[in-house]
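Engineer: I'd like to ask you about the structure that follows.
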Amino acid sequence: MPLLIAGSIATDHLMSFGGKFADSLVVEQLDKISLSFLVDELEIRRGGVAANMTFGLGCLGLRPVLVGAAGDDFADYRSWLERHGVDCSGVRISETKHTARFVCTTDPTGAQIASFYPGAMSEARLIELAPIVARVGAPDYVLVGADDPAGMLRHTDECRQRGYPFIADPSQQLAFGDGAMIRQLIDGATLLFSNEYESHMIEQKTGWSASEVLDRVGTQVTTLGKHGVRVVRSGEDPIVVAAATGVAAVEPTGVGDAFRAGFLAALEWDLGLERAAQVGCVLAAYVVETIGTQEYSFTPTEFVARLEESYGAAAAAEVAAHLG
């Protein structure tokens, strides 16, 4: 049964400036600002939450279906994802807009000047899930990740109407969404993903208590950064899984997306919630140790060995049976 992963597809253009932005700013002339910086480095990285998740799932041997909108500049990115096991037939190609793009320049103090161009992402609202399902089969889950807000609402509503089990993962859009939107995105979800800060934001904006949120979703998965993850189901004791051991952290971007990919892979293997959290934490470790959200790699043997190191032989044996 396929996994449909709906969300953003983007590229990041990251530049480094050797000087300090502050030295170029004239406070009295900010209303007439006109600046140009000669940068030292440029890195172009593949990104977008849905693309990151599908990449991770593909690396674990699954064939997820990417659902999102991109521009006609998506050809190379598509090829990359398909080579890593991702079904890109659910991607809508805009006739007028480029793929979403994040452009950011950072100085040595950590100050940043950045712009985000949503571009084709705004056309996610035009994607109907039913034709995709007709082609690939009824989904085990449809994950609705951060994307064009109207697209997120449309996909969530269609899941309810057509009976597709859906996973709510609003992440970055929580800061911009109001209570009504957030309630609509998560009510009735089979599973809700968030980090600890986002879980409090959900409660604050929806007006629901933690128990009321749990009453509206089947399972709530909350990542806790270096402290691991907590999985809660109504009427059951929480499952708390520590982060993978021996992690040499380099760059946190994309770690949450990798965790979700590992978690969903284990659910597809019917390994249960604790194993799902463990697989998610190990895959997340590969990302945090790498610059770029899709630059990591591993062999099945390496992945299983790392899982055993963190969570024991029993966990490694169960996962090894599925990785091959």
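Naming scheme: A, B, ... for chains in displayed order of the structure tokens; residues 1 onward per chain; ligands 1 onward as shown.
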Which of region 69-245 of chain A counts as strand (DSSP E) under DSSP, as an MDAnalysis selection string please?

Structural biologist: chainID A and resid 69:70 91:93 100:106 112:117 141:145 166:169 191:195 219:223 229:232 239:241

Engineer: I'd like a table as a tab-separated table: residues in region 37-149 of chain A with an atom no more than 8 Å from region 165-182 of chain A, each row giving the shortest atom pair and its distance in Å to one decimal, only C-alpha atoms counted, sorted by chain and rising residue number.

Structural biologist:
residue	atom	partner	partner_atom	distance
A:Pro139	CA	A:Pro165	CA	7.7
A:Asp140	CA	A:Pro165	CA	6.7
A:Tyr141	CA	A:Pro165	CA	5.0
A:Val142	CA	A:Phe166	CA	4.6
A:Leu143	CA	A:Ile167	CA	4.5
A:Val144	CA	A:Ala168	CA	5.5
A:Gly145	CA	A:Asp169	CA	4.7
A:Ala146	CA	A:Pro170	CA	5.0
A:Asp147	CA	A:Gln173	CA	7.6
A:Pro149	CA	A:Gln173	CA	7.4

Engineer: Among the residues of region 234-285 of chain A, find those DSSP assigns to helix (DSSP H, G or I) from the backbone and print them as a PDB file with N, CA and C atoms, in the first residue's frame.

Structural biologist:
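Once written, states.pdb looks like this:
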ATOM      1  N   VAL A 255      16.334  17.469  10.045  1.00  0.00           N
ATOM      2  CA  VAL A 255      16.355  16.352  10.982  1.00  0.00           C
ATOM      3  C   VAL A 255      14.940  15.835  11.259  1.00  0.00           C
ATOM      4  N   GLY A 256      13.996  16.754  11.443  1.00  0.00           N
ATOM      5  CA  GLY A 256      12.615  16.343  11.695  1.00  0.00           C
ATOM      6  C   GLY A 256      12.007  15.586  10.533  1.00  0.00           C
ATOM      7  N   ASP A 257      12.339  15.999   9.318  1.00  0.00           N
ATOM      8  CA  ASP A 257      11.818  15.308   8.138  1.00  0.00           C
ATOM      9  C   ASP A 257      12.361  13.880   8.079  1.00  0.00           C
ATOM     10  N   ALA A 258      13.641  13.704   8.383  1.00  0.00           N
ATOM     11  CA  ALA A 258      14.234  12.369   8.377  1.00  0.00           C
ATOM     12  C   ALA A 258      13.610  11.500   9.462  1.00  0.00           C
ATOM     13  N   PHE A 259      13.388  12.082  10.643  1.00  0.00           N
ATOM     14  CA  PHE A 259      12.735  11.308  11.703  1.00  0.00           C
ATOM     15  C   PHE A 259      11.378  10.792  11.232  1.00  0.00           C
ATOM     16  N   ARG A 260      10.603  11.650  10.605  1.00  0.00           N
ATOM     17  CA  ARG A 260       9.280  11.239  10.138  1.00  0.00           C
ATOM     18  C   ARG A 260       9.386  10.114   9.110  1.00  0.00           C
ATOM     19  N   ALA A 261      10.376  10.211   8.219  1.00  0.00           N
ATOM     20  CA  ALA A 261      10.564   9.165   7.217  1.00  0.00           C
ATOM     21  C   ALA A 261      10.860   7.826   7.878  1.00  0.00           C
ATOM     22  N   GLY A 262      11.764   7.825   8.849  1.00  0.00           N
ATOM     23  CA  GLY A 262      12.081   6.580   9.541  1.00  0.00           C
ATOM     24  C   GLY A 262      10.900   6.025  10.312  1.00  0.00           C
ATOM     25  N   PHE A 263      10.168   6.917  10.964  1.00  0.00           N
ATOM     26  CA  PHE A 263       8.995   6.501  11.735  1.00  0.00           C
ATOM     27  C   PHE A 263       7.968   5.843  10.818  1.00  0.00           C
ATOM     28  N   LEU A 264       7.686   6.470   9.692  1.00  0.00           N
ATOM     29  CA  LEU A 264       6.679   5.938   8.772  1.00  0.00           C
ATOM     30  C   LEU A 264       7.144   4.633   8.133  1.00  0.00           C
ATOM     31  N   ALA A 265       8.440   4.526   7.855  1.00  0.00           N
ATOM     32  CA  ALA A 265       8.946   3.275   7.291  1.00  0.00           C
ATOM     33  C   ALA A 265       8.687   2.122   8.246  1.00  0.00           C
ATOM     34  N   ALA A 266       8.974   2.321   9.520  1.00  0.00           N
ATOM     35  CA  ALA A 266       8.754   1.258  10.497  1.00  0.00           C
ATOM     36  C   ALA A 266       7.274   0.917  10.652  1.00  0.00           C
ATOM     37  N   LEU A 267       6.405   1.925  10.557  1.00  0.00           N
ATOM     38  CA  LEU A 267       4.973   1.633  10.595  1.00  0.00           C
ATOM     39  C   LEU A 267       4.573   0.776   9.397  1.00  0.00           C
ATOM     40  N   GLU A 268       5.144   1.071   8.222  1.00  0.00           N
ATOM     41  CA  GLU A 268       4.854   0.262   7.039  1.00  0.00           C
ATOM     42  C   GLU A 268       5.335  -1.175   7.218  1.00  0.00           C
ATOM     43  N   GLY A 272       5.505  -1.461  15.102  1.00  0.00           N
ATOM     44  CA  GLY A 272       5.027  -0.853  16.329  1.00  0.00           C
ATOM     45  C   GLY A 272       5.627   0.513  16.583  1.00  0.00           C
ATOM     46  N   LEU A 273       5.059   1.226  17.551  1.00  0.00           N
ATOM     47  CA  LEU A 273       5.408   2.627  17.771  1.00  0.00           C
ATOM     48  C   LEU A 273       6.801   2.822  18.360  1.00  0.00           C
ATOM     49  N   GLU A 274       7.206   1.957  19.276  1.00  0.00           N
ATOM     50  CA  GLU A 274       8.537   2.113  19.861  1.00  0.00           C
ATOM     51  C   GLU A 274       9.621   1.901  18.811  1.00  0.00           C
ATOM     52  N   ARG A 275       9.493   0.855  18.019  1.00  0.00           N
ATOM     53  CA  ARG A 275      10.464   0.615  16.954  1.00  0.00           C
ATOM     54  C   ARG A 275      10.438   1.759  15.939  1.00  0.00           C
ATOM     55  N   ALA A 276       9.241   2.258  15.648  1.00  0.00           N
ATOM     56  CA  ALA A 276       9.128   3.361  14.690  1.00  0.00           C
ATOM     57  C   ALA A 276       9.923   4.565  15.176  1.00  0.00           C
ATOM     58  N   ALA A 277       9.800   4.882  16.466  1.00  0.00           N
ATOM     59  CA  ALA A 277      10.544   6.010  17.021  1.00  0.00           C
ATOM     60  C   ALA A 277      12.045   5.750  16.966  1.00  0.00           C
ATOM     61  N   GLN A 278      12.460   4.517  17.193  1.00  0.00           N
ATOM     62  CA  GLN A 278      13.888   4.184  17.149  1.00  0.00           C
ATOM     63  C   GLN A 278      14.450   4.308  15.739  1.00  0.00           C
ATOM     64  N   VAL A 279      13.724   3.794  14.760  1.00  0.00           N
ATOM     65  CA  VAL A 279      14.178   3.908  13.370  1.00  0.00           C
ATOM     66  C   VAL A 279      14.231   5.376  12.967  1.00  0.00           C
ATOM     67  N   GLY A 280      13.230   6.152  13.381  1.00  0.00           N
ATOM     68  CA  GLY A 280      13.225   7.579  13.087  1.00  0.00           C
ATOM     69  C   GLY A 280      14.423   8.291  13.679  1.00  0.00           C
ATOM     70  N   CYS A 281      14.783   7.961  14.900  1.00  0.00           N
ATOM     71  CA  CYS A 281      15.914   8.620  15.555  1.00  0.00           C
ATOM     72  C   CYS A 281      17.233   8.278  14.868  1.00  0.00           C
ATOM     73  N   VAL A 282      17.381   7.045  14.402  1.00  0.00           N
ATOM     74  CA  VAL A 282      18.620   6.670  13.724  1.00  0.00           C
ATOM     75  C   VAL A 282      18.734   7.376  12.377  1.00  0.00           C
ATOM     76  N   LEU A 283      17.638   7.429  11.628  1.00  0.00           N
ATOM     77  CA  LEU A 283      17.703   8.132  10.346  1.00  0.00           C
ATOM     78  C   LEU A 283      17.968   9.622  10.563  1.00  0.00           C
ATOM     79  N   ALA A 284      17.379  10.194  11.609  1.00  0.00           N
ATOM     80  CA  ALA A 284      17.619  11.597  11.930  1.00  0.00           C
ATOM     81  C   ALA A 284      19.089  11.842  12.244  1.00  0.00           C
ATOM     82  N   ALA A 285      19.746  10.876  12.865  1.00  0.00           N
ATOM     83  CA  ALA A 285      21.159  11.034  13.201  1.00  0.00           C
ATOM     84  C   ALA A 285      22.013  11.203  11.955  1.00  0.00           C
TER      85      ALA A 285
END

Engineer: Could you check the closest approach to Val221 (chain A) for each of A:Ala50, A:Glu236, A:Val241, A:Leu191 and tell me which residue wins, using only C-alpha atoms?

Structural biologist: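 Between A:Ala50, A:Glu236, A:Val241, A:Leu191, the residue approaching Val221 (chain A) most closely is A:Leu191.
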